[in-house]
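Note sheet for the following structure.
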Amino acid sequence: MPGMPRGYGTHYFWPDKPGWIQLKIPPTSNNVSQGRLCVSNGLTQPWEEHSPVDFGARGFPNPNLGFGFEVVFGTTDTKLSDENIKSIVMEISNNMAADPHGRLALFQELGTDELQLMTNHPEFAAGTKNDETSSLPRVGCMSMEINASEFPESLQSPSMQFGKSLGILISGTITKGLPSFIELPQGKAYLLELTILHPEELAHIQACSYPARLEIFHRLQALNQKWCSSSTRPSVVTVPPPKNPCSSEEEVIQVVKSWPPMP
């Protein structure tokens with residue numbers, strides 16, 4: 001029936017698929033070109049019933065905030081079309097909305113794994129930036145692959161599912177000056193940034209799992225620039241990825257620790 005919310009078991013969410021808002025980003029100097037920004041609109045729409053999953057320990061969310069986050073993608077790369085930009089936000093948003101409890105549980109698990117890694121190996125916490133203005137706990141990183149057939153060839157990775165895929169990092173904010181949360185009438189919600197992973201970076205994550213993902217996130221933050229999604233940005237990992245996935249967590253950690261520092 002029109003206007004009725006979509007169901008997920010006996011728990012109901014927003015009536016429509018998430019939308020998006022597209023904006024132009026004015027140049028910040030004579031050396032920086034105009035950029036484009038796309039933000040999801042609807043992931044924080046309130047749920048009608050309480051989630052059966054308790055995310056209070058991680059700051060996720062009360063039902064009045066839906067997922068408790070919106071996603072943002074920005075770029076100054078003229079090789080990425082407006083349709084490319086919109087498709088990234090909508091693919092990720094719709095993927096989240098298709099399995100809301102599962103996605104939230106995965107974020108919680110990834111965040112816990114990362115915190116444990118940084119506790120046991122403090123060198124993985126070296127690039128962590130604390131946001132003193134937010135009471136929200138740190139959110140973990142996630143990566144997804146979407147169909148890359150319409151994207152520049154330099155960003156495409158081989159994929160059994162899509163033929164050619166585009167890796168996307170979903171994380172706390174990376175871009176300098178971008179707030180880590182948004183204020184809504186129902187409370188604070190995360191702003192998660194979507195960043196295109198270069199094929200080498202995605203291959204490192206596929207081989208070395210969350211330690212590679214966390215280190216790549218920190219290295220992207222260390223670039224200290226506006227919008228890291230670009231077909232011309234060099235990889236933040238300067239060694240080739242392993243040819244095969246690592247066989248143990250300890251091997252993964254040692255491989256990532258062996259990466260040379262960025263130039």
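Identifiers in this document derive from the order of the structure tokens: chains are assigned A, B, ..., residues are numbered from 1 separately in each chain, and ligands are numbered from 1 in order of occurrence.
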For stretch 125-196 of chain A against stretch 86-105 of chain A, with a cut-off of 8 Å and counting only C-alpha atoms, what is the closest atom pair and its distance in Å to one decimal for every residue that makes the cut, ordered by chain and number, as a Markdown table?
```
| residue | atom | partner | partner_atom | distance |
| --- | --- | --- | --- | --- |
| A:Met144 | CA | A:Ile92 | CA | 7.9 |
| A:Ile146 | CA | A:Glu91 | CA | 7.1 |
| A:Leu194 | CA | A:Val89 | CA | 7.8 |
```
Next, write the just-selected residues to a file, as a PDB file, in the first residue's frame, keeping C-alpha atoms as the atom set.
```pdb
ATOM      1  CA  MET A 144      32.353  -2.652  -0.255  1.00  0.00           C
ATOM      2  CA  ILE A 146      30.193  -1.928  -6.567  1.00  0.00           C
ATOM      3  CA  LEU A 194      32.802   7.225   1.139  1.00  0.00           C
TER       4      LEU A 194
END
```
Find the distance between atom CA of A:Leu169 and atom CA of A:Phe107 and write it in Å to one decimal.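 Straight-line distance from atom CA of A:Leu169 to atom CA of A:Phe107 works out to 12.6 Å.
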Please indicate the distance in Å from atom CA of A:Leu110 to atom CA of A:Pro241, rounded to one decimal place. 21.6 Å
List as CSV every residue of stretch 68-169 of chain A that is in contact with stretch 217-233 of chain A, defined as an atom at most 10 Å from one of its atoms (using only C-alpha atoms), together with the nearest atom pair and the distance in Å rounded to one decimal, sorted by chain and then rising number.
```
residue,atom,partner,partner_atom,distance
A:Phe73,CA,A:Trp227,CA,8.2
A:Gly74,CA,A:Trp227,CA,5.7
A:Thr75,CA,A:Trp227,CA,5.2
A:Thr76,CA,A:Trp227,CA,7.1
A:Asp77,CA,A:Ser230,CA,5.4
A:Thr78,CA,A:Ser230,CA,8.9
A:Lys79,CA,A:Ser231,CA,7.4
A:Leu80,CA,A:Ser230,CA,8.2
A:Phe124,CA,A:His218,CA,8.6
A:Ala125,CA,A:His218,CA,8.4
A:Ala126,CA,A:His218,CA,8.2
A:Gly127,CA,A:His218,CA,5.1
A:Thr128,CA,A:His218,CA,6.6
A:Lys129,CA,A:Gln221,CA,8.6
A:Cys141,CA,A:Phe217,CA,7.8
A:Phe151,CA,A:Ser231,CA,9.3
A:Pro152,CA,A:Ser231,CA,7.1
A:Glu153,CA,A:Ser231,CA,8.9
A:Ser154,CA,A:Ser231,CA,6.5
A:Leu155,CA,A:Ser231,CA,6.2
A:Gln156,CA,A:Ser231,CA,10.0
A:Ile168,CA,A:Ser229,CA,9.4
A:Leu169,CA,A:Phe217,CA,8.0
```
Using C-alpha atoms, can you export the residues from the last selection as an mmCIF file, in the first residue's frame?
```cif
data_model
loop_
_atom_site.group_PDB
_atom_site.id
_atom_site.type_symbol
_atom_site.label_atom_id
_atom_site.label_comp_id
_atom_site.auth_asym_id
_atom_site.auth_seq_id
_atom_site.Cartn_x
_atom_site.Cartn_y
_atom_site.Cartn_z
ATOM 1 C CA PHE A 73 30.951 11.391 -1.165
ATOM 2 C CA GLY A 74 32.929 14.299 -2.589
ATOM 3 C CA THR A 75 35.466 14.688 -5.367
ATOM 4 C CA THR A 76 37.229 17.284 -7.506
ATOM 5 C CA ASP A 77 38.054 14.691 -10.205
ATOM 6 C CA THR A 78 36.522 15.788 -13.517
ATOM 7 C CA LYS A 79 36.854 12.211 -14.856
ATOM 8 C CA LEU A 80 34.042 11.170 -12.504
ATOM 9 C CA PHE A 124 47.933 0.936 14.508
ATOM 10 C CA ALA A 125 46.456 3.794 16.560
ATOM 11 C CA ALA A 126 49.186 6.266 15.621
ATOM 12 C CA GLY A 127 47.067 8.020 13.006
ATOM 13 C CA THR A 128 43.823 8.086 14.981
ATOM 14 C CA LYS A 129 42.227 11.515 15.208
ATOM 15 C CA CYS A 141 35.695 1.091 8.817
ATOM 16 C CA PHE A 151 34.012 4.310 -14.011
ATOM 17 C CA PRO A 152 37.508 5.222 -15.283
ATOM 18 C CA GLU A 153 39.515 2.109 -16.133
ATOM 19 C CA SER A 154 42.331 3.103 -13.740
ATOM 20 C CA LEU A 155 39.931 2.594 -10.795
ATOM 21 C CA GLN A 156 38.607 -0.825 -11.855
ATOM 22 C CA ILE A 168 34.687 1.922 -1.621
ATOM 23 C CA LEU A 169 35.932 2.637 1.905
#
```
Just give me the gap between atom CA of A:Val256 and atom CA of A:Ser165 in Å, one decimal is fine. 23.3 Å
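Distance check against A:Lys24 using only C-alpha atoms: of A:Glu109, A:Glu201, A:Asp82, A:Glu114, the minimum falls on A:Asp82.
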Contacts of A:Lys257 at 12 Å or less, counting only C-alpha atoms, minus same-chain residues fewer than 2 places along, as a count of residues only? 20
Residue neighbourhood A:Ile182, 12 Å, only C-alpha atoms, exclusion window fewer than 3 positions, as a list of chain:residue names: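 The residues that qualify are A:Thr44, A:Leu65, A:Gly68, A:Phe69, A:Glu70, A:Val71, A:Val72, A:Thr133, A:Ser134, A:Ser135, A:Leu136, A:Thr173, A:Leu178, A:Pro179, A:Pro185, A:Gln186, A:Gly187, A:Lys188, A:Ala189, A:Tyr190, A:Leu191, A:Leu192.
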Write out as a PDB file with N, CA and C atoms, in the first residue's frame all residues of stretch 34-250 of chain A that backbone DSSP assigns to strand (DSSP E).
```
ATOM      1  N   GLY A  35      34.580  21.236  -6.930  1.00  0.00           N
ATOM      2  CA  GLY A  35      34.247  19.846  -6.697  1.00  0.00           C
ATOM      3  C   GLY A  35      32.749  19.624  -6.683  1.00  0.00           C
ATOM      4  N   ARG A  36      32.383  18.367  -6.489  1.00  0.00           N
ATOM      5  CA  ARG A  36      30.976  17.980  -6.399  1.00  0.00           C
ATOM      6  C   ARG A  36      30.790  17.072  -5.199  1.00  0.00           C
ATOM      7  N   LEU A  37      29.640  17.194  -4.595  1.00  0.00           N
ATOM      8  CA  LEU A  37      29.348  16.495  -3.347  1.00  0.00           C
ATOM      9  C   LEU A  37      27.984  15.838  -3.458  1.00  0.00           C
ATOM     10  N   CYS A  38      27.870  14.621  -2.951  1.00  0.00           N
ATOM     11  CA  CYS A  38      26.586  13.933  -2.898  1.00  0.00           C
ATOM     12  C   CYS A  38      26.417  13.341  -1.502  1.00  0.00           C
ATOM     13  N   VAL A  39      25.263  13.603  -0.883  1.00  0.00           N
ATOM     14  CA  VAL A  39      24.987  13.176   0.485  1.00  0.00           C
ATOM     15  C   VAL A  39      23.699  12.364   0.486  1.00  0.00           C
ATOM     16  N   SER A  40      23.692  11.259   1.221  1.00  0.00           N
ATOM     17  CA  SER A  40      22.462  10.470   1.342  1.00  0.00           C
ATOM     18  C   SER A  40      21.419  11.242   2.129  1.00  0.00           C
ATOM     19  N   ASN A  41      20.162  10.902   1.898  1.00  0.00           N
ATOM     20  CA  ASN A  41      19.054  11.591   2.556  1.00  0.00           C
ATOM     21  C   ASN A  41      17.996  10.554   2.898  1.00  0.00           C
ATOM     22  N   PHE A  69      23.317   7.263  10.912  1.00  0.00           N
ATOM     23  CA  PHE A  69      24.334   7.910  10.082  1.00  0.00           C
ATOM     24  C   PHE A  69      23.768   8.247   8.701  1.00  0.00           C
ATOM     25  N   GLU A  70      24.405   9.206   8.044  1.00  0.00           N
ATOM     26  CA  GLU A  70      24.253   9.458   6.621  1.00  0.00           C
ATOM     27  C   GLU A  70      25.631   9.340   5.996  1.00  0.00           C
ATOM     28  N   VAL A  71      25.677   9.103   4.675  1.00  0.00           N
ATOM     29  CA  VAL A  71      26.955   8.946   3.984  1.00  0.00           C
ATOM     30  C   VAL A  71      27.169  10.114   3.024  1.00  0.00           C
ATOM     31  N   VAL A  72      28.440  10.464   2.810  1.00  0.00           N
ATOM     32  CA  VAL A  72      28.797  11.592   1.950  1.00  0.00           C
ATOM     33  C   VAL A  72      29.938  11.181   1.042  1.00  0.00           C
ATOM     34  N   PHE A  73      29.871  11.620  -0.211  1.00  0.00           N
ATOM     35  CA  PHE A  73      30.951  11.391  -1.165  1.00  0.00           C
ATOM     36  C   PHE A  73      31.253  12.696  -1.870  1.00  0.00           C
ATOM     37  N   GLY A  74      32.522  13.083  -1.899  1.00  0.00           N
ATOM     38  CA  GLY A  74      32.929  14.299  -2.589  1.00  0.00           C
ATOM     39  C   GLY A  74      34.159  14.057  -3.422  1.00  0.00           C
ATOM     40  N   THR A  75      34.299  14.817  -4.501  1.00  0.00           N
ATOM     41  CA  THR A  75      35.466  14.688  -5.367  1.00  0.00           C
ATOM     42  C   THR A  75      35.663  15.969  -6.166  1.00  0.00           C
ATOM     43  N   MET A 142      34.511   0.041   7.015  1.00  0.00           N
ATOM     44  CA  MET A 142      33.972  -1.050   6.219  1.00  0.00           C
ATOM     45  C   MET A 142      34.377  -0.798   4.771  1.00  0.00           C
ATOM     46  N   SER A 143      34.487  -1.832   3.972  1.00  0.00           N
ATOM     47  CA  SER A 143      34.710  -1.645   2.535  1.00  0.00           C
ATOM     48  C   SER A 143      33.702  -2.483   1.762  1.00  0.00           C
ATOM     49  N   MET A 144      33.281  -1.952   0.628  1.00  0.00           N
ATOM     50  CA  MET A 144      32.353  -2.652  -0.255  1.00  0.00           C
ATOM     51  C   MET A 144      32.828  -2.494  -1.687  1.00  0.00           C
ATOM     52  N   GLU A 145      32.336  -3.375  -2.545  1.00  0.00           N
ATOM     53  CA  GLU A 145      32.608  -3.288  -3.975  1.00  0.00           C
ATOM     54  C   GLU A 145      31.297  -3.063  -4.719  1.00  0.00           C
ATOM     55  N   ILE A 146      31.348  -2.168  -5.712  1.00  0.00           N
ATOM     56  CA  ILE A 146      30.193  -1.928  -6.567  1.00  0.00           C
ATOM     57  C   ILE A 146      30.632  -2.100  -8.015  1.00  0.00           C
ATOM     58  N   ASN A 147      29.655  -2.170  -8.915  1.00  0.00           N
ATOM     59  CA  ASN A 147      29.943  -2.340 -10.343  1.00  0.00           C
ATOM     60  C   ASN A 147      30.716  -1.132 -10.867  1.00  0.00           C
ATOM     61  N   SER A 157      38.870  -2.870 -10.593  1.00  0.00           N
ATOM     62  CA  SER A 157      39.532  -4.076 -10.109  1.00  0.00           C
ATOM     63  C   SER A 157      38.806  -5.298 -10.669  1.00  0.00           C
ATOM     64  N   PRO A 158      39.516  -6.402 -10.917  1.00  0.00           N
ATOM     65  CA  PRO A 158      38.835  -7.633 -11.361  1.00  0.00           C
ATOM     66  C   PRO A 158      37.858  -8.110 -10.293  1.00  0.00           C
ATOM     67  N   SER A 159      36.714  -8.631 -10.731  1.00  0.00           N
ATOM     68  CA  SER A 159      35.679  -9.059  -9.788  1.00  0.00           C
ATOM     69  C   SER A 159      34.894 -10.210 -10.376  1.00  0.00           C
ATOM     70  N   GLY A 163      32.571  -8.492 -12.797  1.00  0.00           N
ATOM     71  CA  GLY A 163      33.504  -8.395 -13.907  1.00  0.00           C
ATOM     72  C   GLY A 163      34.581  -7.379 -13.577  1.00  0.00           C
ATOM     73  N   LYS A 164      34.174  -6.136 -13.380  1.00  0.00           N
ATOM     74  CA  LYS A 164      35.042  -5.061 -12.919  1.00  0.00           C
ATOM     75  C   LYS A 164      34.352  -4.366 -11.748  1.00  0.00           C
ATOM     76  N   SER A 165      35.086  -4.210 -10.648  1.00  0.00           N
ATOM     77  CA  SER A 165      34.477  -3.614  -9.461  1.00  0.00           C
ATOM     78  C   SER A 165      35.230  -2.359  -9.040  1.00  0.00           C
ATOM     79  N   LEU A 166      34.535  -1.543  -8.265  1.00  0.00           N
ATOM     80  CA  LEU A 166      35.102  -0.335  -7.664  1.00  0.00           C
ATOM     81  C   LEU A 166      35.064  -0.522  -6.156  1.00  0.00           C
ATOM     82  N   GLY A 167      36.216  -0.422  -5.500  1.00  0.00           N
ATOM     83  CA  GLY A 167      36.264  -0.536  -4.055  1.00  0.00           C
ATOM     84  C   GLY A 167      35.939   0.784  -3.388  1.00  0.00           C
ATOM     85  N   ILE A 168      35.092   0.727  -2.362  1.00  0.00           N
ATOM     86  CA  ILE A 168      34.687   1.922  -1.621  1.00  0.00           C
ATOM     87  C   ILE A 168      34.991   1.701  -0.143  1.00  0.00           C
ATOM     88  N   LEU A 169      35.714   2.637   0.465  1.00  0.00           N
ATOM     89  CA  LEU A 169      35.932   2.637   1.905  1.00  0.00           C
ATOM     90  C   LEU A 169      34.820   3.434   2.564  1.00  0.00           C
ATOM     91  N   ILE A 170      34.182   2.851   3.573  1.00  0.00           N
ATOM     92  CA  ILE A 170      33.119   3.515   4.350  1.00  0.00           C
ATOM     93  C   ILE A 170      33.682   3.712   5.749  1.00  0.00           C
ATOM     94  N   SER A 171      33.828   4.950   6.166  1.00  0.00           N
ATOM     95  CA  SER A 171      34.566   5.200   7.402  1.00  0.00           C
ATOM     96  C   SER A 171      34.123   6.508   8.033  1.00  0.00           C
ATOM     97  N   PHE A 181      30.079  14.258  12.666  1.00  0.00           N
ATOM     98  CA  PHE A 181      28.706  13.970  13.032  1.00  0.00           C
ATOM     99  C   PHE A 181      27.829  15.131  12.596  1.00  0.00           C
ATOM    100  N   ILE A 182      26.520  14.880  12.575  1.00  0.00           N
ATOM    101  CA  ILE A 182      25.538  15.906  12.242  1.00  0.00           C
ATOM    102  C   ILE A 182      24.529  16.000  13.379  1.00  0.00           C
ATOM    103  N   GLU A 183      24.060  17.206  13.623  1.00  0.00           N
ATOM    104  CA  GLU A 183      23.057  17.450  14.659  1.00  0.00           C
ATOM    105  C   GLU A 183      21.669  17.368  14.040  1.00  0.00           C
ATOM    106  N   LEU A 184      20.829  16.503  14.605  1.00  0.00           N
ATOM    107  CA  LEU A 184      19.450  16.352  14.160  1.00  0.00           C
ATOM    108  C   LEU A 184      18.527  16.579  15.349  1.00  0.00           C
ATOM    109  N   GLY A 187      18.873  13.921  17.856  1.00  0.00           N
ATOM    110  CA  GLY A 187      20.180  13.715  18.476  1.00  0.00           C
ATOM    111  C   GLY A 187      21.292  13.759  17.446  1.00  0.00           C
ATOM    112  N   LYS A 188      22.487  13.337  17.855  1.00  0.00           N
ATOM    113  CA  LYS A 188      23.647  13.333  16.973  1.00  0.00           C
ATOM    114  C   LYS A 188      23.694  12.041  16.163  1.00  0.00           C
ATOM    115  N   ALA A 189      24.100  12.176  14.902  1.00  0.00           N
ATOM    116  CA  ALA A 189      24.272  11.022  14.027  1.00  0.00           C
ATOM    117  C   ALA A 189      25.626  11.131  13.346  1.00  0.00           C
ATOM    118  N   TYR A 190      26.222   9.977  13.033  1.00  0.00           N
ATOM    119  CA  TYR A 190      27.496   9.966  12.335  1.00  0.00           C
ATOM    120  C   TYR A 190      27.344  10.513  10.916  1.00  0.00           C
ATOM    121  N   LEU A 191      28.399  11.140  10.413  1.00  0.00           N
ATOM    122  CA  LEU A 191      28.562  11.398   8.991  1.00  0.00           C
ATOM    123  C   LEU A 191      29.695  10.492   8.524  1.00  0.00           C
ATOM    124  N   LEU A 192      29.386   9.519   7.693  1.00  0.00           N
ATOM    125  CA  LEU A 192      30.376   8.568   7.194  1.00  0.00           C
ATOM    126  C   LEU A 192      30.791   8.979   5.785  1.00  0.00           C
ATOM    127  N   GLU A 193      32.096   9.001   5.564  1.00  0.00           N
ATOM    128  CA  GLU A 193      32.612   9.400   4.262  1.00  0.00           C
ATOM    129  C   GLU A 193      32.873   8.166   3.404  1.00  0.00           C
ATOM    130  N   LEU A 194      32.524   8.261   2.126  1.00  0.00           N
ATOM    131  CA  LEU A 194      32.802   7.225   1.139  1.00  0.00           C
ATOM    132  C   LEU A 194      34.020   7.663   0.332  1.00  0.00           C
ATOM    133  N   THR A 195      35.019   6.803   0.254  1.00  0.00           N
ATOM    134  CA  THR A 195      36.254   7.121  -0.461  1.00  0.00           C
ATOM    135  C   THR A 195      36.573   6.000  -1.430  1.00  0.00           C
ATOM    136  N   ILE A 196      36.851   6.360  -2.685  1.00  0.00           N
ATOM    137  CA  ILE A 196      37.226   5.354  -3.671  1.00  0.00           C
ATOM    138  C   ILE A 196      38.587   4.778  -3.312  1.00  0.00           C
ATOM    139  N   LEU A 197      38.649   3.448  -3.279  1.00  0.00           N
ATOM    140  CA  LEU A 197      39.910   2.739  -3.077  1.00  0.00           C
ATOM    141  C   LEU A 197      40.536   2.435  -4.426  1.00  0.00           C
TER     142      LEU A 197
END
```
Closest to A:Glu150 among A:Ser209, A:Glu83, A:Gly66, A:Glu200, using only C-alpha atoms? A:Glu83
